[in-house]
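Single-structure report; data block below.
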Amino acid sequence: MSDIETAFFLYSTEEYLFNDFDIEQIFDDELRIMFETYRANMEEALFSVQLPFSFAINGELKRYSTEKHLKNLMHSFSLSIVRGHMHETEKIGNEAAQKTEIELKEIPDADKGQILRNILKALSNADKDETRISNRAVLRQSIVVIWSATESLLRDIVRHTLNKDPNFAASFFESPITAKYWSKKQITFDHIRSYGFDASGKMGDIALEINPCSNIASIRSAFQLILQPESKCHEAINSRELYLLYKLRNIIAHRNAIVDKKYKDETGTNAKIGERLVIRPSDFSKHYLTSKSLAYALLNDASLIFRSNFEKSSTTE
């Protein structure tokens with residue numbers, strides 16, 4: 001089965017949609033916007049890899065409906081000859097259109113099967129040469145989008161949590177868990193001055209100025225402290241799957257997916273040094289679902305753990 005054919009099954013699975021992504025449960029407007037932005041970015045990534053299938057199915061359905069309409073048009077024209085109103089072209093056209101509309105609402109199973117076979121054939125024929133190169137480039141860049149969406153969500157949660165709770169922010173900067181990436185000694189006079197000498201609600205911004213929290217190690221360090229010990233998010237953030245997504249994004253963004261020794265050693269890939277990684281729909285699927293699963297876990301914590309932080313902050317102000 002070709003890469004593009006596989007995309008058909010990716011498209012047809014509700015597992016990739018965000019229908020049950022209950023953002024409205026979040027009472028905090030800023031946090032809700034973070035998750036809405038994440039969802040929009042992920043949906044765009046999914047849309048980009050679905051395009052070959054979308055074009056194929058639209059083309060096939062257009063062909064099928066046109067074929068049906070022409071058949072009904074000929075039938076209506078034949079009846080018009082018998083009835084003696086063959087010159088009433090508008091009436092003939094309307095009758096054919098109405099019949100076609102009814103037929104398209106109840107497509108026979110046999111026709112559905114043929115439509116599917118035609119779509120797969122079209123996708124298979126398209127999976128060649130320039131089209132193949134283009135589709136694989138889209139898949140590579142979709143990995144970059146997935147990681148960017150994931151990283152942005154995580155970074156924004158770090159910023160938001162520290163901004164919301166000055167007491168927690170103080171603990172964050174004093175903790176040995178985060179000491180490798182953030183320390184109160186790194187907070188400078190310029191940081192304080194840039195916020196009008198009132199940084200109580202800007203400690204998250206200062207933290208990301210000191211360290212942007214853009215690599216997997218600093219992200220894990222921050223969330224080890226932010227999340228409650230029993231949070232299910234720990235497993236997702238510390239998973240090898242998220243680590244591999246991060247590394248794959250880096251090799252695509254910095255080396256256009258050309259494998260080097262560092263990437264091979266860190267990931268254990270079977271690809272040879274100097275080869276360009278081929279990103280298949282199955283790879284996209286794996287990394288997309290890794291990110292989505294993490295976001296779902298965070299969303300659940302957003303209404304519980306993060307809320308408790310915010311409520312604690314409001315009672316101490």
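Every chain in the structure tokens takes a letter, A first, then B, and so on in the order presented; its residues are numbered from 1, and the ligands are numbered from 1 following the presented order.
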
Alpha helix (DSSP H) positions in stretch 138-270 of chain A, given as a PyMOL selection string: chain A and resi 138-164+166-174+189-194+203-210+216-226+233-237+240-255+261-267

Using C-alpha atoms, can you export the residues from the last selection as a CSV table (one decimal), in the first residue's frame?
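The file below, again-v1.csv, is the result:
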chain,number,residue,atom,x,y,z
A,138,VAL,CA,4.1,18.2,3.5
A,139,LEU,CA,4.4,15.2,5.9
A,140,ARG,CA,7.8,16.4,7.1
A,141,GLN,CA,6.6,19.9,7.8
A,142,SER,CA,3.5,18.6,9.5
A,143,ILE,CA,5.8,17.1,12.2
A,144,VAL,CA,7.3,20.5,12.7
A,145,VAL,CA,3.8,22.0,13.2
A,146,ILE,CA,2.9,19.2,15.6
A,147,TRP,CA,5.9,19.9,17.8
A,148,SER,CA,5.5,23.6,17.6
A,149,ALA,CA,1.8,23.3,18.7
A,150,THR,CA,2.9,21.0,21.6
A,151,GLU,CA,5.8,23.2,22.7
A,152,SER,CA,3.8,26.4,22.6
A,153,LEU,CA,1.0,24.8,24.7
A,154,LEU,CA,3.6,23.6,27.3
A,155,ARG,CA,5.5,26.9,27.4
A,156,ASP,CA,2.3,28.9,27.7
A,157,ILE,CA,1.2,26.8,30.6
A,158,VAL,CA,4.5,27.4,32.4
A,159,ARG,CA,4.2,31.1,31.8
A,160,HIS,CA,0.6,31.3,32.9
A,161,THR,CA,1.0,29.2,36.0
A,162,LEU,CA,4.0,31.3,37.3
A,163,ASN,CA,2.3,34.5,36.4
A,164,LYS,CA,-0.9,33.5,38.2
A,166,PRO,CA,3.7,34.4,42.8
A,167,ASN,CA,4.1,32.1,45.7
A,168,PHE,CA,4.5,29.1,43.5
A,169,ALA,CA,6.8,31.1,41.2
A,170,ALA,CA,9.1,31.8,44.2
A,171,SER,CA,9.2,28.0,44.8
A,172,PHE,CA,9.9,27.4,41.2
A,173,PHE,CA,12.9,29.6,41.1
A,174,GLU,CA,14.3,28.2,44.4
A,189,PHE,CA,17.5,44.4,37.9
A,190,ASP,CA,16.6,44.8,34.2
A,191,HIS,CA,14.0,42.1,34.5
A,192,ILE,CA,12.3,43.9,37.4
A,193,ARG,CA,12.6,47.3,35.7
A,194,SER,CA,11.1,46.1,32.5
A,203,MET,CA,7.3,35.8,36.9
A,204,GLY,CA,6.3,33.4,34.1
A,205,ASP,CA,7.4,35.9,31.5
A,206,ILE,CA,10.7,36.4,33.3
A,207,ALA,CA,11.2,32.7,33.5
A,208,LEU,CA,10.9,32.3,29.8
A,209,GLU,CA,13.2,35.2,29.2
A,210,ILE,CA,15.8,33.4,31.3
A,216,ILE,CA,12.5,18.5,26.2
A,217,ALA,CA,14.7,18.5,29.3
A,218,SER,CA,13.7,22.0,30.5
A,219,ILE,CA,10.0,21.2,29.7
A,220,ARG,CA,10.2,18.0,31.8
A,221,SER,CA,11.9,19.9,34.6
A,222,ALA,CA,9.3,22.6,34.7
A,223,PHE,CA,6.3,20.2,34.7
A,224,GLN,CA,7.9,18.0,37.3
A,225,LEU,CA,7.3,20.9,39.7
A,226,ILE,CA,4.1,22.3,38.2
A,233,CYS,CA,0.6,14.0,32.6
A,234,HIS,CA,4.0,13.0,34.0
A,235,GLU,CA,3.9,9.8,32.1
A,236,ALA,CA,3.0,11.6,28.8
A,237,ILE,CA,5.7,14.3,29.3
A,240,ARG,CA,9.9,8.2,24.9
A,241,GLU,CA,7.2,9.0,22.2
A,242,LEU,CA,7.3,12.7,23.1
A,243,TYR,CA,11.1,12.6,23.1
A,244,LEU,CA,11.2,11.1,19.6
A,245,LEU,CA,8.7,13.7,18.4
A,246,TYR,CA,11.0,16.4,19.7
A,247,LYS,CA,14.1,14.9,18.1
A,248,LEU,CA,12.4,14.3,14.8
A,249,ARG,CA,11.2,17.9,14.7
A,250,ASN,CA,14.8,19.0,15.3
A,251,ILE,CA,16.4,16.9,12.6
A,252,ILE,CA,13.7,18.1,10.1
A,253,ALA,CA,14.0,21.8,11.1
A,254,HIS,CA,17.8,21.9,11.3
A,255,ARG,CA,18.9,19.3,8.7
A,261,LYS,CA,25.4,10.6,14.0
A,262,LYS,CA,23.8,12.5,16.9
A,263,TYR,CA,20.3,11.8,15.8
A,264,LYS,CA,21.1,8.1,15.1
A,265,ASP,CA,22.7,7.7,18.5
A,266,GLU,CA,19.9,9.5,20.4
A,267,THR,CA,17.0,7.8,18.7

Interatomic distance, atom CA of A:Ile187 to atom CA of A:Leu31 (Å, one decimal): 25.2 Å

Long-range neighbours of A:Leu277 as a PyMOL selection string, 8 Å cut-off, only C-alpha atoms, 4 positions minimum in chain: chain A and resi 257-259+271

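For the set A:His87, A:Arg280, A:Arg136, A:Lys292, the residue with the smallest atom-to-atom gap to A:Met42 is A:Lys292, counting only C-alpha atoms.
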
Polymer residues at most 12 Å from stretch 97-102 of chain A, only C-alpha atoms, same-chain spacing of 5 or more positions, as a list in words: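 The contact residues come out as Tyr64, Ser65, Thr66, Glu67, Lys68, His69, Leu70, Lys71, Asn72, Leu73, Met74, His75, Ser76, Glu90, Lys91, Ile92, Ile107 and Pro108 of chain A.
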